[in-house]
>>> print(open('upload-v1.tsv').read())   # TSV, C-alpha atoms and all ligand atoms
chain	number	residue	atom	x	y	z
A	152	MET	CA	3.01	-33.95	16.64
A	153	LYS	CA	1.13	-31.44	14.48
A	154	THR	CA	1.18	-27.65	14.48
A	155	VAL	CA	-2.33	-26.23	14.70
A	156	ILE	CA	-3.55	-22.64	14.28
A	157	ILE	CA	-7.00	-21.98	15.77
A	158	THR	CA	-8.48	-18.52	15.26
A	159	GLY	CA	-10.80	-17.18	17.96
A	160	SER	CA	-9.43	-19.62	20.53
A	161	THR	CA	-9.49	-17.37	23.59
A	162	SER	CA	-13.12	-18.37	24.28
A	163	GLY	CA	-15.87	-20.92	23.70
A	164	ILE	CA	-15.50	-23.52	20.97
A	165	GLY	CA	-12.06	-22.38	19.85
A	166	LEU	CA	-10.70	-22.60	23.39
A	167	GLY	CA	-12.17	-26.10	23.75
A	168	LEU	CA	-10.49	-27.15	20.51
A	169	ALA	CA	-7.19	-25.67	21.68
A	170	GLU	CA	-7.39	-27.66	24.93
A	171	THR	CA	-8.10	-30.89	23.07
A	172	PHE	CA	-5.22	-30.41	20.63
A	173	ALA	CA	-2.87	-29.38	23.46
A	174	ILE	CA	-3.78	-32.46	25.53
A	175	ALA	CA	-3.06	-34.62	22.47
A	176	GLY	CA	0.47	-33.21	22.41
A	177	HIS	CA	0.24	-30.88	19.43
A	178	ASN	CA	1.73	-27.41	19.06
A	179	VAL	CA	-1.12	-24.91	19.29
A	180	VAL	CA	-1.27	-21.29	18.13
A	181	LEU	CA	-3.92	-19.46	20.12
A	182	ASN	CA	-5.58	-16.39	18.68
A	183	GLY	CA	-8.41	-14.08	19.68
A	184	LEU	CA	-9.40	-11.00	21.59
A	185	GLY	CA	-9.13	-10.57	25.34
A	186	LYS	CA	-7.14	-9.13	28.22
A	187	LYS	CA	-3.38	-9.66	27.94
A	188	ASP	CA	-2.94	-11.25	31.37
A	189	GLU	CA	-5.93	-13.57	30.96
A	190	ILE	CA	-4.69	-14.72	27.56
A	191	GLU	CA	-1.24	-15.38	29.01
A	192	ALA	CA	-2.79	-17.38	31.86
A	193	THR	CA	-4.75	-19.45	29.32
A	194	ARG	CA	-1.65	-19.97	27.21
A	195	ALA	CA	0.38	-21.14	30.21
A	196	ARG	CA	-2.43	-23.46	31.40
A	197	LEU	CA	-2.71	-25.07	27.97
A	198	ALA	CA	1.06	-25.39	27.59
A	199	ALA	CA	1.11	-27.52	30.75
A	200	LEU	CA	-1.50	-29.93	29.35
A	201	GLY	CA	0.67	-31.77	26.84
A	202	ALA	CA	4.04	-32.21	25.21
A	203	GLY	CA	3.51	-29.56	22.54
A	204	ASP	CA	4.23	-25.85	22.70
A	205	VAL	CA	1.39	-23.32	23.01
A	206	ILE	CA	1.91	-19.78	21.73
A	207	TYR	CA	-0.40	-16.81	21.15
A	208	HIS	CA	-0.67	-14.56	18.11
A	209	GLY	CA	-2.94	-11.54	18.37
A	210	ALA	CA	-3.90	-11.22	14.68
A	211	ASN	CA	-7.11	-9.26	14.26
A	212	MET	CA	-9.35	-11.22	11.88
A	213	LEU	CA	-10.23	-7.95	10.13
A	214	LYS	CA	-6.56	-7.42	9.15
A	215	PRO	CA	-5.30	-9.61	6.27
A	216	ASP	CA	-1.66	-8.64	6.89
A	217	GLU	CA	-1.86	-9.74	10.52
A	218	ILE	CA	-3.43	-13.06	9.51
A	219	ALA	CA	-0.62	-13.66	6.98
A	220	ASP	CA	1.92	-12.79	9.68
A	221	MET	CA	0.37	-15.36	12.03
A	222	VAL	CA	0.89	-18.11	9.44
A	223	ALA	CA	4.41	-16.93	8.54
A	224	SER	CA	5.55	-16.69	12.17
A	225	THR	CA	4.04	-20.11	12.94
A	226	GLU	CA	5.99	-21.68	10.08
A	227	LYS	CA	9.14	-19.85	11.20
A	228	LYS	CA	8.82	-21.13	14.77
A	229	PHE	CA	7.67	-24.70	14.17
A	230	GLY	CA	8.79	-25.35	10.59
A	231	ARG	CA	5.30	-26.54	9.64
A	232	VAL	CA	1.63	-25.57	9.55
A	233	ASP	CA	-0.31	-28.83	9.58
A	234	VAL	CA	-3.79	-27.73	10.62
A	235	VAL	CA	-5.66	-24.43	10.34
A	236	ILE	CA	-9.01	-23.97	12.01
A	237	PRO	CA	-10.80	-20.77	10.99
A	238	ASN	CA	-13.15	-20.51	13.96
A	239	ALA	CA	-13.38	-16.83	14.98
A	240	GLY	CA	-16.89	-15.54	14.61
A	241	ILE	CA	-19.36	-12.90	15.75
A	242	GLN	CA	-23.12	-12.56	15.47
A	243	HIS	CA	-25.69	-9.79	15.12
A	244	VAL	CA	-29.45	-10.40	15.02
A	245	GLU	CA	-31.68	-7.75	13.43
A	246	LYS	CA	-34.23	-7.28	10.64
A	247	ILE	CA	-32.46	-6.74	7.33
A	248	GLU	CA	-33.95	-3.27	6.83
A	249	ASP	CA	-32.48	-2.18	10.16
A	250	PHE	CA	-29.26	-4.23	9.92
A	251	PRO	CA	-26.32	-1.81	10.33
A	252	PRO	CA	-24.06	-1.99	7.23
A	253	GLU	CA	-20.98	-1.84	9.47
A	254	LYS	CA	-22.20	-4.99	11.28
A	255	TRP	CA	-22.64	-6.69	7.90
A	256	ASP	CA	-19.06	-5.78	6.97
A	257	ALA	CA	-17.67	-6.97	10.31
A	258	ILE	CA	-19.49	-10.31	10.17
A	259	ILE	CA	-18.47	-10.98	6.56
A	260	GLY	CA	-14.92	-9.89	7.47
A	261	ILE	CA	-14.50	-11.98	10.63
A	262	ASN	CA	-16.69	-15.01	9.82
A	263	LEU	CA	-15.82	-15.40	6.12
A	264	SER	CA	-12.98	-13.27	4.71
A	265	SER	CA	-10.61	-14.09	7.57
A	266	ALA	CA	-10.92	-17.77	6.62
A	267	PHE	CA	-9.94	-16.88	3.05
A	268	HIS	CA	-6.90	-14.94	4.26
A	269	LEU	CA	-5.85	-17.72	6.65
A	270	ILE	CA	-6.19	-20.46	4.03
A	271	ARG	CA	-4.58	-18.30	1.32
A	272	ALA	CA	-1.49	-17.90	3.52
A	273	ALA	CA	-1.37	-21.54	4.69
A	274	MET	CA	-1.94	-23.22	1.32
A	275	PRO	CA	1.62	-22.80	-0.10
A	276	VAL	CA	3.08	-24.22	3.15
A	277	MET	CA	0.67	-27.17	3.10
A	278	LYS	CA	1.40	-27.83	-0.59
A	279	ARG	CA	5.15	-27.91	0.13
A	280	GLN	CA	4.53	-30.34	3.01
A	281	LYS	CA	2.18	-32.43	0.86
A	282	PHE	CA	-0.04	-32.45	3.94
A	283	GLY	CA	-2.64	-30.14	5.35
A	284	ARG	CA	-5.90	-30.20	7.25
A	285	ILE	CA	-8.32	-27.28	7.06
A	286	VAL	CA	-11.31	-27.49	9.42
A	287	ALA	CA	-13.61	-24.47	9.26
A	288	MET	CA	-16.13	-23.75	12.01
A	289	ALA	CA	-19.27	-23.07	10.00
A	290	SER	CA	-22.73	-23.59	11.53
A	291	ALA	CA	-26.13	-25.12	10.89
A	292	HIS	CA	-26.60	-21.65	9.44
A	293	GLY	CA	-24.09	-22.62	6.74
A	294	LEU	CA	-26.78	-25.00	5.43
A	295	ILE	CA	-30.10	-23.39	6.35
A	296	ALA	CA	-31.33	-19.94	7.33
A	297	SER	CA	-33.11	-18.28	10.22
A	298	PRO	CA	-34.69	-14.83	10.04
A	299	TYR	CA	-32.79	-11.74	11.25
A	300	LYS	CA	-29.37	-13.35	10.77
A	301	SER	CA	-28.69	-12.18	7.18
A	302	ALA	CA	-24.97	-11.49	7.56
A	303	TYR	CA	-24.25	-14.59	9.66
A	304	VAL	CA	-26.17	-16.93	7.34
A	305	ALA	CA	-24.55	-15.39	4.25
A	306	ALA	CA	-21.07	-15.64	5.79
A	307	LYS	CA	-21.53	-19.26	6.91
A	308	HIS	CA	-22.98	-20.35	3.53
A	309	GLY	CA	-20.01	-18.58	1.94
A	310	LEU	CA	-17.62	-20.41	4.24
A	311	VAL	CA	-19.06	-23.78	3.17
A	312	GLY	CA	-18.57	-22.76	-0.48
A	313	LEU	CA	-15.02	-21.62	0.17
A	314	ILE	CA	-14.20	-24.94	1.84
A	315	LYS	CA	-15.56	-26.94	-1.12
A	316	THR	CA	-13.36	-24.93	-3.50
A	317	VAL	CA	-10.27	-25.34	-1.32
A	318	ALA	CA	-10.94	-29.09	-1.08
A	319	LEU	CA	-10.73	-29.33	-4.87
A	320	GLU	CA	-7.56	-27.23	-5.04
A	321	GLY	CA	-5.85	-29.23	-2.28
A	322	ALA	CA	-6.99	-32.69	-3.29
A	323	GLU	CA	-3.80	-33.74	-5.09
A	324	PHE	CA	-1.53	-32.32	-2.40
A	325	GLY	CA	-2.65	-34.33	0.64
A	326	ILE	CA	-4.71	-31.39	1.83
A	327	THR	CA	-8.28	-31.83	3.01
A	328	ALA	CA	-10.77	-29.05	3.73
A	329	ASN	CA	-14.01	-29.56	5.61
A	330	ALA	CA	-16.62	-27.50	7.43
A	331	ILE	CA	-18.13	-28.42	10.78
A	332	CYS	CA	-21.73	-27.23	11.08
A	333	PRO	CA	-22.77	-27.16	14.75
A	334	GLY	CA	-26.22	-26.44	16.07
A	335	TYR	CA	-26.49	-24.66	19.43
A	336	VAL	CA	-23.38	-25.15	21.50
A	337	GLU	CA	-23.20	-24.62	25.23
A	338	THR	CA	-20.64	-21.83	25.41
A	339	PRO	CA	-20.50	-19.39	28.34
A	340	LEU	CA	-22.15	-16.89	26.01
A	341	VAL	CA	-25.23	-19.08	25.50
A	342	ALA	CA	-25.40	-20.03	29.20
A	343	GLY	CA	-25.69	-16.34	30.06
A	344	GLN	CA	-28.48	-15.93	27.52
A	345	ILE	CA	-30.49	-18.73	29.14
A	346	ALA	CA	-30.45	-17.08	32.58
A	347	ASP	CA	-31.28	-13.64	31.12
A	348	THR	CA	-34.15	-14.98	28.99
A	349	ALA	CA	-35.58	-16.96	31.94
A	350	LYS	CA	-35.74	-13.78	34.00
A	351	ALA	CA	-37.09	-11.62	31.17
A	352	ARG	CA	-39.83	-14.07	30.22
A	353	ASN	CA	-40.57	-15.38	33.71
A	354	MET	CA	-39.84	-18.95	32.60
A	355	SER	CA	-37.71	-21.69	34.15
A	356	GLU	CA	-34.29	-22.21	32.61
A	357	GLU	CA	-35.46	-25.63	31.40
A	358	GLN	CA	-38.42	-24.00	29.60
A	359	VAL	CA	-36.10	-21.49	27.97
A	360	ILE	CA	-33.80	-24.25	26.76
A	361	ASN	CA	-36.63	-26.39	25.32
A	362	GLU	CA	-39.10	-23.79	24.09
A	363	VAL	CA	-36.84	-20.92	23.05
A	364	ILE	CA	-33.21	-21.84	22.48
A	365	LEU	CA	-33.47	-25.49	21.44
A	366	LYS	CA	-36.80	-25.27	19.60
A	367	ALA	CA	-34.96	-26.07	16.37
A	368	GLN	CA	-32.91	-28.94	17.79
A	369	PRO	CA	-34.87	-32.25	18.02
A	370	THR	CA	-32.62	-33.81	20.67
A	371	LYS	CA	-33.38	-30.79	22.90
A	372	GLN	CA	-29.79	-30.95	24.02
A	373	PHE	CA	-26.91	-28.63	23.39
A	374	VAL	CA	-23.95	-29.76	21.35
A	375	GLN	CA	-20.97	-29.97	23.68
A	376	VAL	CA	-17.67	-28.30	22.85
A	377	GLY	CA	-15.87	-31.60	23.49
A	378	GLN	CA	-18.02	-33.31	20.86
A	379	ILE	CA	-16.98	-30.72	18.27
A	380	ALA	CA	-13.34	-31.05	19.33
A	381	SER	CA	-13.51	-34.85	18.83
A	382	LEU	CA	-14.87	-34.37	15.31
A	383	ALA	CA	-12.21	-31.78	14.51
A	384	MET	CA	-9.50	-34.07	15.85
A	385	TYR	CA	-10.80	-36.93	13.70
A	386	LEU	CA	-10.84	-34.72	10.59
A	387	THR	CA	-7.15	-33.96	11.10
A	388	SER	CA	-6.22	-37.66	11.32
A	389	ASP	CA	-4.89	-39.95	8.59
A	390	GLN	CA	-8.13	-41.96	8.81
A	391	ALA	CA	-10.02	-38.91	7.50
A	392	ALA	CA	-7.84	-38.48	4.40
A	393	GLN	CA	-10.76	-39.22	2.07
A	394	ILE	CA	-13.17	-36.84	3.78
A	395	THR	CA	-12.84	-33.55	1.96
A	396	GLY	CA	-15.17	-30.84	0.75
A	397	ALA	CA	-17.76	-32.00	3.29
A	398	ALA	CA	-20.05	-29.94	5.50
A	399	LEU	CA	-20.52	-32.13	8.58
A	400	SER	CA	-23.57	-31.48	10.71
A	401	ILE	CA	-23.35	-31.84	14.48
A	402	ASP	CA	-26.69	-30.32	15.39
A	403	GLY	CA	-28.94	-32.79	17.25
A	404	GLY	CA	-30.98	-33.34	14.08
A	405	TRP	CA	-31.77	-29.67	13.36
A	406	THR	CA	-31.00	-29.78	9.62
A	407	ALA	CA	-32.66	-33.21	9.16
A	408	GLN	CA	-36.07	-31.56	9.47
A	501	LIG	P1	-17.20	-17.00	21.35
A	501	LIG	O1	-17.77	-15.61	21.33
A	501	LIG	O2	-17.13	-17.73	22.66
A	501	LIG	O3	-15.73	-16.98	20.69
A	501	LIG	C1	-15.42	-16.22	19.54
A	501	LIG	C2	-13.92	-16.07	19.42
A	501	LIG	O4	-13.64	-15.24	18.27
A	501	LIG	C3	-13.29	-15.36	20.63
A	501	LIG	O5	-12.04	-15.96	20.93
A	501	LIG	C4	-13.08	-13.94	20.12
A	501	LIG	O6	-12.02	-13.24	20.78
A	501	LIG	C5	-12.73	-14.22	18.67
A	501	LIG	N1	-12.85	-13.02	17.82
A	501	LIG	C6	-13.94	-12.23	17.63
A	501	LIG	N2	-13.61	-11.19	16.83
A	501	LIG	C7	-12.30	-11.34	16.50
A	501	LIG	C8	-11.38	-10.59	15.72
A	501	LIG	N3	-11.73	-9.46	15.09
A	501	LIG	N4	-10.10	-11.03	15.62
A	501	LIG	C9	-9.70	-12.16	16.28
A	501	LIG	N5	-10.54	-12.91	17.02
A	501	LIG	C10	-11.81	-12.50	17.14
A	501	LIG	O7	-18.07	-17.80	20.30
A	501	LIG	P2	-18.24	-19.39	20.04
A	501	LIG	O8	-19.64	-19.71	20.42
A	501	LIG	O9	-17.13	-20.16	20.63
A	501	LIG	O10	-18.12	-19.42	18.44
A	501	LIG	C11	-16.96	-19.87	17.75
A	501	LIG	C12	-17.35	-20.19	16.30
A	501	LIG	O11	-18.33	-21.22	16.29
A	501	LIG	C13	-17.95	-19.00	15.55
A	501	LIG	O12	-17.49	-18.99	14.21
A	501	LIG	C14	-19.44	-19.29	15.60
A	501	LIG	O13	-20.12	-18.71	14.51
A	501	LIG	C15	-19.44	-20.80	15.52
A	501	LIG	N6	-20.68	-21.43	16.02
A	501	LIG	C16	-21.09	-21.23	17.32
A	501	LIG	C17	-22.29	-21.84	17.75
A	501	LIG	C18	-22.80	-21.67	19.17
A	501	LIG	O14	-23.94	-22.06	19.43
A	501	LIG	N7	-22.04	-21.14	20.12
A	501	LIG	C19	-23.02	-22.63	16.86
A	501	LIG	C20	-22.56	-22.81	15.55
A	501	LIG	C21	-21.37	-22.21	15.15
>>> encode(input="upload-v1.tsv", output="structure tokens")
Amino acid sequence: MKTVIITGSTSGIGLGLAETFAIAGHNVVLNGLGKKDEIEATRARLAALGAGDVIYHGANMLKPDEIADMVASTEKKFGRVDVVIPNAGIQHVEKIEDFPPEKWDAIIGINLSSAFHLIRAAMPVMKRQKFGRIVAMASAHGLIASPYKSAYVAAKHGLVGLIKTVALEGAEFGITANAICPGYVETPLVAGQIADTAKARNMSEEQVINEVILKAQPTKQFVQVGQIASLAMYLTSDQAAQITGAALSIDGGWTAQ
């Protein structure tokens, strides 16, 4: 049984990861924004899925002290911190000359700096344990760029660089650090965008998927949350001990082009 902290796990990919780790019997620390009662309902649902405990910590990813507290209170409760998954992320799409500086700061803060603060706090615990698994949720945009996503692309490239550095620092302590780089993932957020775009452009939803959303993705299929969760689960296993410092694409061939 491992103890796993997943930031931004009240929704989308993070929630899918939390479910997978809970089903496998691990202790899971949920984190993210949302309504108190809905988060509690999610926590209780996940706790019933497996043998592990599921708790929630409300650390805001813009607050380094709260992130450190999440790690400290996890160690206090479970005695270990085996896996950290910096996953919380936000997006803003706009031309760089119009890009609001406060959006830049928020994206760098939530998508990049929070990973630094999480790993910084977890590293001493993992070194003491002589075991740790760090799995960062980067993006295809950690490897390549698209226009109008300056902050997101910068943050995700930065995250890949951070993970490489941490891999080197953890290598002799049984700690691995890797980045998962998904293409488009079918989260509720994206599903909503498909319906809205179909209406706005007078296209079928299938046309929107193929000609707008998945134009970059040769398979013309979304990555599924469960596929990312399987990769994350593998990266935390003993079999993956020699995979470290890697940026693993799961993007339907997007970055092969
Ligand atoms: P989502 O919007 O469904 O979930 C984001 C999570 O982050 C939520 O739980 C939210 O509450 C949390 N969060 C946001 N701001 C926070 C803050 N200040 N403090 C704490 N938590 C905060 O998004 P998603 O699609 O599941 O994305 C998850 C990660 O995967 C992100 O890092 C994203 O960049 C990455 N990603 C997503 C896709 C995709 O197509 N959906 C593709 C590649 C990478």
>>> closest_residue(input="upload-v1.tsv", among="A:Leu213, A:Met277, A:Met288, A:Val359", to="Gly343 of chain A", atoms="only C-alpha atoms")
A:Val359
>>> closest_residue(input="upload-v1.tsv", among="A:Tyr207, A:Phe250, A:Phe172, A:Phe282", to="ligand LIG 501 (chain A)", atoms="all atoms listed in the file")
A:Tyr207
>>> residues_around(input="upload-v1.tsv", residues="Val311 of chain A", least_positions_apart="3", cutoff="7 Å", atoms="all atoms listed in the file", output="ChimeraX atom specification")
/A:289,293,307-308,314-315,330,398
>>> closest_residue(input="upload-v1.tsv", among="A:Ile379, A:Ala273, A:Ile285, A:Ala346", to="ligand LIG 501 (chain A)", atoms="all atoms listed in the file")
A:Ile379
>>> residues_near_ligand(input="upload-v1.tsv", ligand="ligand LIG 501 (chain A)", cutoff="6 Å", atoms="all atoms listed in the file", output="PyMOL selection string")
chain A and resi 159-165+183-184+211-213+238-241+261-262+288-290+333-336+338
>>> closest_residue(input="upload-v1.tsv", among="A:Gln344, A:Ser297, A:Thr406, A:Gln390", to="Ile247 of chain A", atoms="all atoms listed in the file")
A:Ser297
>>> atom_distance(input="upload-v1.tsv", atom1="atom CA of Thr348 of chain A", atom2="atom CA of Leu168 of chain A")
27.9 Å
>>> closest_residue(input="upload-v1.tsv", among="A:Ala173, A:Ser388, A:Ala328, A:Ala367", to="Thr316 of chain A", atoms="only C-alpha atoms")
A:Ala328
>>> residues_around(input="upload-v1.tsv", residues="Gly377 of chain A", least_positions_apart="4", cutoff="8 Å", atoms="only C-alpha atoms", output="ChimeraX atom specification")
/A:167-168,171,381
>>> residues_around(input="upload-v1.tsv", residues="Thr225 of chain A", least_positions_apart="4", cutoff="10 Å", atoms="only C-alpha atoms", output="ChimeraX atom specification")
/A:154-156,178-180,206-208,219-221,229-232,273
>>> write_last_selection(input="upload-v1.tsv", atoms="C-alpha atoms", output="PDB file, in the frame of the given file")
ATOM      1  CA  THR A 154       1.180 -27.650  14.480  1.00  0.00           C
ATOM      2  CA  VAL A 155      -2.330 -26.230  14.700  1.00  0.00           C
ATOM      3  CA  ILE A 156      -3.550 -22.640  14.280  1.00  0.00           C
ATOM      4  CA  ASN A 178       1.730 -27.410  19.060  1.00  0.00           C
ATOM      5  CA  VAL A 179      -1.120 -24.910  19.290  1.00  0.00           C
ATOM      6  CA  VAL A 180      -1.270 -21.290  18.130  1.00  0.00           C
ATOM      7  CA  ILE A 206       1.910 -19.780  21.730  1.00  0.00           C
ATOM      8  CA  TYR A 207      -0.400 -16.810  21.150  1.00  0.00           C
ATOM      9  CA  HIS A 208      -0.670 -14.560  18.110  1.00  0.00           C
ATOM     10  CA  ALA A 219      -0.620 -13.660   6.980  1.00  0.00           C
ATOM     11  CA  ASP A 220       1.920 -12.790   9.680  1.00  0.00           C
ATOM     12  CA  MET A 221       0.370 -15.360  12.030  1.00  0.00           C
ATOM     13  CA  PHE A 229       7.670 -24.700  14.170  1.00  0.00           C
ATOM     14  CA  GLY A 230       8.790 -25.350  10.590  1.00  0.00           C
ATOM     15  CA  ARG A 231       5.300 -26.540   9.640  1.00  0.00           C
ATOM     16  CA  VAL A 232       1.630 -25.570   9.550  1.00  0.00           C
ATOM     17  CA  ALA A 273      -1.370 -21.540   4.690  1.00  0.00           C
TER      18      ALA A 273
END
>>> atom_distance(input="upload-v1.tsv", atom1="atom CA of Met354 of chain A", atom2="atom CA of Lys366 of chain A")
14.8 Å
>>> atom_distance(input="upload-v1.tsv", atom1="atom CA of Ile326 of chain A", atom2="atom CA of Arg284 of chain A")
5.7 Å
>>> closest_residue(input="upload-v1.tsv", among="A:Leu386, A:Leu313, A:Ile394, A:Ala407", to="Gln368 of chain A", atoms="all atoms listed in the file")
A:Ala407
>>> residues_around(input="upload-v1.tsv", residues="Glu337 of chain A", least_positions_apart="6", cutoff="8 Å", atoms="all atoms listed in the file", output="PyMOL selection string")
chain A and resi 373-376
>>> build_atoms(input="upload-v1.tsv", residues="segment 261-279 of chain A", atoms="N, CA and C atoms", output="PDB file, in the frame of the given file")
ATOM      1  N   ILE A 261     -15.023 -11.066   9.602  1.00  0.00           N
ATOM      2  CA  ILE A 261     -14.500 -11.980  10.630  1.00  0.00           C
ATOM      3  C   ILE A 261     -14.926 -13.430  10.351  1.00  0.00           C
ATOM      4  N   ASN A 262     -16.181 -13.640   9.954  1.00  0.00           N
ATOM      5  CA  ASN A 262     -16.690 -15.010   9.820  1.00  0.00           C
ATOM      6  C   ASN A 262     -16.358 -15.652   8.468  1.00  0.00           C
ATOM      7  N   LEU A 263     -16.073 -14.836   7.446  1.00  0.00           N
ATOM      8  CA  LEU A 263     -15.820 -15.400   6.120  1.00  0.00           C
ATOM      9  C   LEU A 263     -14.447 -14.996   5.557  1.00  0.00           C
ATOM     10  N   SER A 264     -14.218 -13.692   5.395  1.00  0.00           N
ATOM     11  CA  SER A 264     -12.980 -13.270   4.710  1.00  0.00           C
ATOM     12  C   SER A 264     -11.734 -13.680   5.474  1.00  0.00           C
ATOM     13  N   SER A 265     -11.804 -13.698   6.814  1.00  0.00           N
ATOM     14  CA  SER A 265     -10.610 -14.090   7.570  1.00  0.00           C
ATOM     15  C   SER A 265     -10.220 -15.534   7.259  1.00  0.00           C
ATOM     16  N   ALA A 266     -11.214 -16.373   6.986  1.00  0.00           N
ATOM     17  CA  ALA A 266     -10.920 -17.770   6.620  1.00  0.00           C
ATOM     18  C   ALA A 266     -10.186 -17.811   5.281  1.00  0.00           C
ATOM     19  N   PHE A 267     -10.631 -16.984   4.340  1.00  0.00           N
ATOM     20  CA  PHE A 267      -9.940 -16.880   3.050  1.00  0.00           C
ATOM     21  C   PHE A 267      -8.483 -16.474   3.254  1.00  0.00           C
ATOM     22  N   HIS A 268      -8.269 -15.427   4.063  1.00  0.00           N
ATOM     23  CA  HIS A 268      -6.900 -14.940   4.260  1.00  0.00           C
ATOM     24  C   HIS A 268      -6.029 -15.983   4.955  1.00  0.00           C
ATOM     25  N   LEU A 269      -6.611 -16.687   5.918  1.00  0.00           N
ATOM     26  CA  LEU A 269      -5.850 -17.720   6.650  1.00  0.00           C
ATOM     27  C   LEU A 269      -5.470 -18.857   5.693  1.00  0.00           C
ATOM     28  N   ILE A 270      -6.437 -19.332   4.935  1.00  0.00           N
ATOM     29  CA  ILE A 270      -6.190 -20.460   4.030  1.00  0.00           C
ATOM     30  C   ILE A 270      -5.239 -20.039   2.907  1.00  0.00           C
ATOM     31  N   ARG A 271      -5.443 -18.820   2.396  1.00  0.00           N
ATOM     32  CA  ARG A 271      -4.580 -18.300   1.320  1.00  0.00           C
ATOM     33  C   ARG A 271      -3.117 -18.320   1.757  1.00  0.00           C
ATOM     34  N   ALA A 272      -2.866 -17.936   3.014  1.00  0.00           N
ATOM     35  CA  ALA A 272      -1.490 -17.900   3.520  1.00  0.00           C
ATOM     36  C   ALA A 272      -0.952 -19.297   3.827  1.00  0.00           C
ATOM     37  N   ALA A 273      -1.834 -20.198   4.270  1.00  0.00           N
ATOM     38  CA  ALA A 273      -1.370 -21.540   4.690  1.00  0.00           C
ATOM     39  C   ALA A 273      -1.193 -22.495   3.516  1.00  0.00           C
ATOM     40  N   MET A 274      -1.907 -22.260   2.434  1.00  0.00           N
ATOM     41  CA  MET A 274      -1.940 -23.220   1.320  1.00  0.00           C
ATOM     42  C   MET A 274      -0.548 -23.514   0.737  1.00  0.00           C
ATOM     43  N   PRO A 275       0.286 -22.486   0.467  1.00  0.00           N
ATOM     44  CA  PRO A 275       1.620 -22.800  -0.100  1.00  0.00           C
ATOM     45  C   PRO A 275       2.446 -23.672   0.852  1.00  0.00           C
ATOM     46  N   VAL A 276       2.334 -23.420   2.164  1.00  0.00           N
ATOM     47  CA  VAL A 276       3.080 -24.220   3.150  1.00  0.00           C
ATOM     48  C   VAL A 276       2.576 -25.658   3.107  1.00  0.00           C
ATOM     49  N   MET A 277       1.251 -25.824   3.096  1.00  0.00           N
ATOM     50  CA  MET A 277       0.670 -27.170   3.100  1.00  0.00           C
ATOM     51  C   MET A 277       1.009 -27.911   1.798  1.00  0.00           C
ATOM     52  N   LYS A 278       1.039 -27.194   0.685  1.00  0.00           N
ATOM     53  CA  LYS A 278       1.400 -27.830  -0.590  1.00  0.00           C
ATOM     54  C   LYS A 278       2.848 -28.313  -0.557  1.00  0.00           C
ATOM     55  N   ARG A 279       3.736 -27.497   0.003  1.00  0.00           N
ATOM     56  CA  ARG A 279       5.150 -27.910   0.130  1.00  0.00           C
ATOM     57  C   ARG A 279       5.269 -29.152   1.001  1.00  0.00           C
TER      58      ARG A 279
END
